[in-house]
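Asks: If it helps, the file is called work22.cif and holds mmCIF, N, CA and C atoms, pLDDT in the B column; chains and numbers go by the auth columns:
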data_query
loop_
_atom_site.group_PDB
_atom_site.id
_atom_site.type_symbol
_atom_site.label_atom_id
_atom_site.label_comp_id
_atom_site.label_asym_id
_atom_site.label_seq_id
_atom_site.Cartn_x
_atom_site.Cartn_y
_atom_site.Cartn_z
_atom_site.B_iso_or_equiv
_atom_site.auth_seq_id
_atom_site.auth_asym_id
ATOM 1 N N MET A 1 6.759 -21.104 28.902 89.00 1 B
ATOM 2 C CA MET A 1 7.049 -21.034 30.322 89.00 1 B
ATOM 3 C C MET A 1 7.655 -22.366 30.774 89.00 1 B
ATOM 4 N N LYS A 2 8.605 -22.280 31.673 95.00 2 B
ATOM 5 C CA LYS A 2 9.239 -23.487 32.201 95.00 2 B
ATOM 6 C C LYS A 2 8.495 -23.987 33.437 95.00 2 B
ATOM 7 N N LYS A 3 8.469 -25.294 33.572 97.00 3 B
ATOM 8 C CA LYS A 3 7.862 -25.962 34.722 97.00 3 B
ATOM 9 C C LYS A 3 8.831 -27.030 35.212 97.00 3 B
ATOM 10 N N ALA A 4 8.788 -27.298 36.497 97.00 4 B
ATOM 11 C CA ALA A 4 9.657 -28.315 37.074 97.00 4 B
ATOM 12 C C ALA A 4 9.077 -29.700 36.831 97.00 4 B
ATOM 13 N N TYR A 5 9.979 -30.637 36.651 97.00 5 B
ATOM 14 C CA TYR A 5 9.646 -32.055 36.555 97.00 5 B
ATOM 15 C C TYR A 5 10.661 -32.787 37.428 97.00 5 B
ATOM 16 N N ILE A 6 10.212 -33.761 38.199 97.00 6 B
ATOM 17 C CA ILE A 6 11.114 -34.522 39.059 97.00 6 B
ATOM 18 C C ILE A 6 11.234 -35.942 38.533 97.00 6 B
ATOM 19 N N ASP A 7 12.465 -36.344 38.243 97.00 7 B
ATOM 20 C CA ASP A 7 12.752 -37.686 37.758 97.00 7 B
ATOM 21 C C ASP A 7 12.608 -38.660 38.926 97.00 7 B
ATOM 22 N N PRO A 8 11.622 -39.543 38.876 95.00 8 B
ATOM 23 C CA PRO A 8 11.410 -40.468 40.002 95.00 8 B
ATOM 24 C C PRO A 8 12.561 -41.452 40.211 95.00 8 B
ATOM 25 N N GLU A 9 13.369 -41.677 39.201 95.00 9 B
ATOM 26 C CA GLU A 9 14.519 -42.564 39.335 95.00 9 B
ATOM 27 C C GLU A 9 15.634 -41.922 40.166 95.00 9 B
ATOM 28 N N LYS A 10 15.713 -40.605 40.152 97.00 10 B
ATOM 29 C CA LYS A 10 16.750 -39.892 40.887 97.00 10 B
ATOM 30 C C LYS A 10 16.289 -39.445 42.276 97.00 10 B
ATOM 31 N N CYS A 11 14.990 -39.287 42.465 97.00 11 B
ATOM 32 C CA CYS A 11 14.439 -38.785 43.731 97.00 11 B
ATOM 33 C C CYS A 11 14.599 -39.820 44.838 97.00 11 B
ATOM 34 N N VAL A 12 15.136 -39.368 45.980 96.00 12 B
ATOM 35 C CA VAL A 12 15.286 -40.252 47.139 96.00 12 B
ATOM 36 C C VAL A 12 14.329 -39.869 48.270 96.00 12 B
ATOM 37 N N GLY A 13 13.457 -38.911 48.026 96.00 13 B
ATOM 38 C CA GLY A 13 12.442 -38.549 49.007 96.00 13 B
ATOM 39 C C GLY A 13 12.938 -37.775 50.204 96.00 13 B
ATOM 40 N N CYS A 14 13.988 -36.979 50.034 96.00 14 B
ATOM 41 C CA CYS A 14 14.534 -36.224 51.171 96.00 14 B
ATOM 42 C C CYS A 14 13.649 -35.041 51.563 96.00 14 B
ATOM 43 N N GLY A 15 12.838 -34.539 50.622 97.00 15 B
ATOM 44 C CA GLY A 15 11.924 -33.438 50.915 97.00 15 B
ATOM 45 C C GLY A 15 12.510 -32.051 50.779 97.00 15 B
ATOM 46 N N ALA A 16 13.767 -31.933 50.376 98.00 16 B
ATOM 47 C CA ALA A 16 14.390 -30.612 50.243 98.00 16 B
ATOM 48 C C ALA A 16 13.655 -29.745 49.223 98.00 16 B
ATOM 49 N N CYS A 17 13.208 -30.344 48.134 98.00 17 B
ATOM 50 C CA CYS A 17 12.506 -29.578 47.100 98.00 17 B
ATOM 51 C C CYS A 17 11.159 -29.054 47.607 98.00 17 B
ATOM 52 N N ILE A 18 10.507 -29.843 48.445 98.00 18 B
ATOM 53 C CA ILE A 18 9.216 -29.425 49.008 98.00 18 B
ATOM 54 C C ILE A 18 9.412 -28.185 49.870 98.00 18 B
ATOM 55 N N GLN A 19 10.445 -28.194 50.693 98.00 19 B
ATOM 56 C CA GLN A 19 10.745 -27.056 51.556 98.00 19 B
ATOM 57 C C GLN A 19 11.154 -25.827 50.755 98.00 19 B
ATOM 58 N N ALA A 20 11.834 -26.024 49.627 98.00 20 B
ATOM 59 C CA ALA A 20 12.346 -24.918 48.824 98.00 20 B
ATOM 60 C C ALA A 20 11.286 -24.271 47.946 98.00 20 B
ATOM 61 N N CYS A 21 10.215 -24.959 47.642 98.00 21 B
ATOM 62 C CA CYS A 21 9.213 -24.464 46.687 98.00 21 B
ATOM 63 C C CYS A 21 8.328 -23.380 47.307 98.00 21 B
ATOM 64 N N PRO A 22 8.427 -22.131 46.805 98.00 22 B
ATOM 65 C CA PRO A 22 7.620 -21.049 47.361 98.00 22 B
ATOM 66 C C PRO A 22 6.147 -21.118 46.954 98.00 22 B
ATOM 67 N N ALA A 23 5.844 -21.899 45.926 98.00 23 B
ATOM 68 C CA ALA A 23 4.471 -21.991 45.433 98.00 23 B
ATOM 69 C C ALA A 23 3.713 -23.177 46.018 98.00 23 B
ATOM 70 N N GLY A 24 4.398 -24.024 46.786 98.00 24 B
ATOM 71 C CA GLY A 24 3.744 -25.207 47.339 98.00 24 B
ATOM 72 C C GLY A 24 3.319 -26.183 46.257 98.00 24 B
ATOM 73 N N ALA A 25 4.104 -26.251 45.182 98.00 25 B
ATOM 74 C CA ALA A 25 3.737 -27.068 44.031 98.00 25 B
ATOM 75 C C ALA A 25 4.250 -28.497 44.096 98.00 25 B
ATOM 76 N N ILE A 26 5.039 -28.823 45.115 98.00 26 B
ATOM 77 C CA ILE A 26 5.626 -30.160 45.197 98.00 26 B
ATOM 78 C C ILE A 26 5.082 -30.883 46.415 98.00 26 B
ATOM 79 N N ARG A 27 4.737 -32.148 46.211 97.00 27 B
ATOM 80 C CA ARG A 27 4.259 -32.963 47.327 97.00 27 B
ATOM 81 C C ARG A 27 4.921 -34.322 47.264 97.00 27 B
ATOM 82 N N MET A 28 4.883 -35.013 48.377 97.00 28 B
ATOM 83 C CA MET A 28 5.474 -36.338 48.474 97.00 28 B
ATOM 84 C C MET A 28 4.403 -37.384 48.174 97.00 28 B
ATOM 85 N N LEU A 29 4.734 -38.303 47.313 92.00 29 B
ATOM 86 C CA LEU A 29 3.831 -39.405 46.982 92.00 29 B
ATOM 87 C C LEU A 29 4.158 -40.620 47.833 92.00 29 B
ATOM 88 N N PRO A 30 3.238 -41.558 47.935 90.00 30 B
ATOM 89 C CA PRO A 30 3.564 -42.805 48.618 90.00 30 B
ATOM 90 C C PRO A 30 4.782 -43.441 47.942 90.00 30 B
ATOM 91 N N GLY A 31 5.667 -43.984 48.717 88.00 31 B
ATOM 92 C CA GLY A 31 6.900 -44.551 48.183 88.00 31 B
ATOM 93 C C GLY A 31 8.044 -43.557 48.240 88.00 31 B
ATOM 94 N N TRP A 32 7.807 -42.406 48.864 92.00 32 B
ATOM 95 C CA TRP A 32 8.833 -41.385 49.075 92.00 32 B
ATOM 96 C C TRP A 32 9.417 -40.827 47.782 92.00 32 B
ATOM 97 N N LYS A 33 8.551 -40.426 46.881 94.00 33 B
ATOM 98 C CA LYS A 33 8.960 -39.760 45.646 94.00 33 B
ATOM 99 C C LYS A 33 8.208 -38.439 45.547 94.00 33 B
ATOM 100 N N SER A 34 8.920 -37.382 45.217 97.00 34 B
ATOM 101 C CA SER A 34 8.297 -36.070 45.066 97.00 34 B
ATOM 102 C C SER A 34 7.678 -35.935 43.682 97.00 34 B
ATOM 103 N N ARG A 35 6.604 -35.184 43.620 97.00 35 B
ATOM 104 C CA ARG A 35 5.936 -34.910 42.348 97.00 35 B
ATOM 105 C C ARG A 35 5.528 -33.445 42.313 97.00 35 B
ATOM 106 N N VAL A 36 5.651 -32.832 41.129 98.00 36 B
ATOM 107 C CA VAL A 36 5.306 -31.428 40.931 98.00 36 B
ATOM 108 C C VAL A 36 3.901 -31.329 40.359 98.00 36 B
ATOM 109 N N ASN A 37 3.107 -30.409 40.918 97.00 37 B
ATOM 110 C CA ASN A 37 1.811 -30.062 40.337 97.00 37 B
ATOM 111 C C ASN A 37 2.089 -28.941 39.340 97.00 37 B
ATOM 112 N N PRO A 38 2.030 -29.212 38.031 95.00 38 B
ATOM 113 C CA PRO A 38 2.382 -28.197 37.047 95.00 38 B
ATOM 114 C C PRO A 38 1.467 -26.972 37.057 95.00 38 B
ATOM 115 N N GLU A 39 0.255 -27.120 37.566 96.00 39 B
ATOM 116 C CA GLU A 39 -0.656 -25.986 37.643 96.00 39 B
ATOM 117 C C GLU A 39 -0.217 -24.979 38.703 96.00 39 B
ATOM 118 N N LYS A 40 0.509 -25.441 39.714 98.00 40 B
ATOM 119 C CA LYS A 40 0.994 -24.560 40.777 98.00 40 B
ATOM 120 C C LYS A 40 2.427 -24.085 40.556 98.00 40 B
ATOM 121 N N CYS A 41 3.196 -24.829 39.770 98.00 41 B
ATOM 122 C CA CYS A 41 4.612 -24.515 39.562 98.00 41 B
ATOM 123 C C CYS A 41 4.774 -23.162 38.870 98.00 41 B
ATOM 124 N N ILE A 42 5.650 -22.314 39.435 97.00 42 B
ATOM 125 C CA ILE A 42 5.907 -20.990 38.851 97.00 42 B
ATOM 126 C C ILE A 42 7.227 -20.957 38.076 97.00 42 B
ATOM 127 N N GLY A 43 7.910 -22.071 37.994 97.00 43 B
ATOM 128 C CA GLY A 43 9.137 -22.174 37.210 97.00 43 B
ATOM 129 C C GLY A 43 10.322 -21.415 37.764 97.00 43 B
ATOM 130 N N CYS A 44 10.385 -21.254 39.085 98.00 44 B
ATOM 131 C CA CYS A 44 11.455 -20.464 39.700 98.00 44 B
ATOM 132 C C CYS A 44 12.794 -21.186 39.745 98.00 44 B
ATOM 133 N N GLY A 45 12.775 -22.528 39.755 98.00 45 B
ATOM 134 C CA GLY A 45 14.004 -23.301 39.761 98.00 45 B
ATOM 135 C C GLY A 45 14.636 -23.531 41.120 98.00 45 B
ATOM 136 N N ARG A 46 13.974 -23.148 42.194 98.00 46 B
ATOM 137 C CA ARG A 46 14.555 -23.359 43.524 98.00 46 B
ATOM 138 C C ARG A 46 14.713 -24.841 43.842 98.00 46 B
ATOM 139 N N CYS A 47 13.796 -25.654 43.375 98.00 47 B
ATOM 140 C CA CYS A 47 13.906 -27.102 43.602 98.00 47 B
ATOM 141 C C CYS A 47 15.128 -27.670 42.884 98.00 47 B
ATOM 142 N N VAL A 48 15.417 -27.139 41.704 98.00 48 B
ATOM 143 C CA VAL A 48 16.582 -27.581 40.929 98.00 48 B
ATOM 144 C C VAL A 48 17.869 -27.223 41.674 98.00 48 B
ATOM 145 N N GLN A 49 17.915 -26.031 42.230 98.00 49 B
ATOM 146 C CA GLN A 49 19.107 -25.549 42.935 98.00 49 B
ATOM 147 C C GLN A 49 19.376 -26.324 44.222 98.00 49 B
ATOM 148 N N ILE A 50 18.337 -26.743 44.932 98.00 50 B
ATOM 149 C CA ILE A 50 18.501 -27.348 46.255 98.00 50 B
ATOM 150 C C ILE A 50 18.755 -28.861 46.207 98.00 50 B
ATOM 151 N N CYS A 51 18.334 -29.523 45.149 97.00 51 B
ATOM 152 C CA CYS A 51 18.417 -30.989 45.102 97.00 51 B
ATOM 153 C C CYS A 51 19.847 -31.472 44.893 97.00 51 B
ATOM 154 N N HIS A 52 20.311 -32.309 45.817 96.00 52 B
ATOM 155 C CA HIS A 52 21.658 -32.855 45.714 96.00 52 B
ATOM 156 C C HIS A 52 21.738 -34.062 44.776 96.00 52 B
ATOM 157 N N ARG A 53 20.597 -34.536 44.297 96.00 53 B
ATOM 158 C CA ARG A 53 20.554 -35.687 43.385 96.00 53 B
ATOM 159 C C ARG A 53 20.217 -35.285 41.942 96.00 53 B
ATOM 160 N N SER A 54 20.021 -33.998 41.700 97.00 54 B
ATOM 161 C CA SER A 54 19.655 -33.484 40.368 97.00 54 B
ATOM 162 C C SER A 54 18.375 -34.129 39.839 97.00 54 B
ATOM 163 N N ALA A 55 17.429 -34.396 40.729 97.00 55 B
ATOM 164 C CA ALA A 55 16.167 -35.013 40.316 97.00 55 B
ATOM 165 C C ALA A 55 15.237 -34.024 39.606 97.00 55 B
ATOM 166 N N PRO A 56 15.087 -32.786 40.100 98.00 56 B
ATOM 167 C CA PRO A 56 14.219 -31.852 39.386 98.00 56 B
ATOM 168 C C PRO A 56 14.934 -31.222 38.190 98.00 56 B
ATOM 169 N N GLU A 57 14.154 -30.956 37.155 97.00 57 B
ATOM 170 C CA GLU A 57 14.628 -30.239 35.984 97.00 57 B
ATOM 171 C C GLU A 57 13.569 -29.224 35.601 97.00 57 B
ATOM 172 N N LEU A 58 13.992 -28.114 35.017 97.00 58 B
ATOM 173 C CA LEU A 58 13.040 -27.165 34.463 97.00 58 B
ATOM 174 C C LEU A 58 12.902 -27.468 32.982 97.00 58 B
ATOM 175 N N LEU A 59 11.689 -27.750 32.574 96.00 59 B
ATOM 176 C CA LEU A 59 11.415 -28.075 31.183 96.00 59 B
ATOM 177 C C LEU A 59 10.450 -27.053 30.600 96.00 59 B
ATOM 178 N N ILE A 60 10.587 -26.803 29.318 95.00 60 B
ATOM 179 C CA ILE A 60 9.673 -25.881 28.639 95.00 60 B
ATOM 180 C C ILE A 60 8.335 -26.593 28.459 95.00 60 B
ATOM 181 N N GLU A 61 7.298 -25.941 28.953 83.00 61 B
ATOM 182 C CA GLU A 61 5.949 -26.515 28.875 83.00 61 B
ATOM 183 C C GLU A 61 5.419 -26.337 27.465 83.00 61 B
ATOM 184 N N THR A 62 4.919 -27.418 26.899 78.00 62 B
ATOM 185 C CA THR A 62 4.327 -27.334 25.563 78.00 62 B
ATOM 186 C C THR A 62 2.823 -27.226 25.678 78.00 62 B
ATOM 187 N N PRO A 63 2.232 -26.357 24.883 71.00 63 B
ATOM 188 C CA PRO A 63 0.765 -26.176 24.976 71.00 63 B
ATOM 189 C C PRO A 63 -0.020 -27.360 24.495 71.00 63 B
#
Please rewrite the model in this file as structure tokens.
Replies:
Amino acid sequence: MKKAYIDPEKCVGCGACIQACPAGAIRMLPGWKSRVNPEKCIGCGRCVQICHRSAPELLIETP
């Protein structure tokens, strides 16, 4: 199963991914960087589609 990961070097803290996530799996950390909770992520890719900085990626989760 794929899960989203957000590259903190690319994230500018705009919050677009948070708004796009239907599972509520993304939150803003102090310092204005988004982070994905992999337990909540459903791997839909909406955060990847909406981000203008290409910060989120869908990665295959390893057991």
Asks: Just asking: which residues within chain B are strand (DSSP E) according to DSSP, as a list in words?
Replies: Lys2, Lys3, Ala4, Tyr5, Ile6, Ile26, Arg27, Met28, Leu29, Lys33, Ser34, Arg35, Val36, Pro56, Glu57, Leu58, Leu59 and Ile60 of chain B
Asks: Taking the chain letters and numbering used in this document, name the residues of chain B that DSSP puts in alpha helix (DSSP H), as an NGL selection string.
Replies: :B and (16-20 or 46-50)
Asks: With distances taken over only C-alpha atoms, which residue among B:Ile18, B:His52, B:Glu61, B:Ala4 lies nearest Ser34 (chain B)?
Replies: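 With only C-alpha atoms as the atom set, the closest residue is B:Ile18.
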Asks: When you draw a straight line from atom N of Gly31 (chain B) to atom C of Leu59 (chain B), how long is it in Å?
Replies: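 Distance reported for this atom pair: 25.3 Å.
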Asks: Find the smallest box with edges along x, y and z containing every listed atom of region 6-24 of chain B, then add 5 Å on each side and report centre and edge lengths in Å to one decimal, as AutoDock Vina command-line options.
Replies:
--center_x 10.0 --center_y -31.8 --center_z 44.7 --size_x 23.4 --size_y 31.5 --size_z 23.8
Asks: Tell me, in Å to one decimal, how far CA of Glu9 (chain B) is from CA of Glu57 (chain B).
Replies: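 Answer for the CA of Glu9 (chain B) to CA of Glu57 (chain B) separation: 12.8 Å.
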Asks: Would you mind telling me which residue in B:Ala25, B:Ile50, B:Met1, B:Lys33 lies nearest to Gly13 (chain B) when using only C-alpha atoms?
Replies: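 Nearest candidate to Gly13 (chain B) out of B:Ala25, B:Ile50, B:Met1, B:Lys33: B:Lys33.
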Asks: Separation of CA of Lys2 (chain B) and CA of Ile60 (chain B), in Å?
Replies: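 Separating CA of Lys2 (chain B) from CA of Ile60 (chain B) is a distance of 4.3 Å.
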Asks: Since I can't run it myself right now, could you work out what the PyMOL selection byres (((chain B and resi 45-47 and name CA) around 9) and name CA) selects here and report it as a PyMOL selection string?
Replies: chain B and resi 2-4+16-22+26+42-44+48-51+55-58
Asks: Measuring atom to atom with only C-alpha atoms, identify which of B:Lys10, B:Tyr5, B:Gly15, B:Ser54 is nearest to Arg27 (chain B).
Replies: B:Gly15
Asks: Would you write out, as a list in words, every residue that the PyMOL selection byres ((chain B and resi 37) around 7) captures in this file?
Replies: Gly24, Ala25, Ile26, Arg27, Arg35, Val36, Pro38, Glu39, Lys40 and Cys41 of chain B
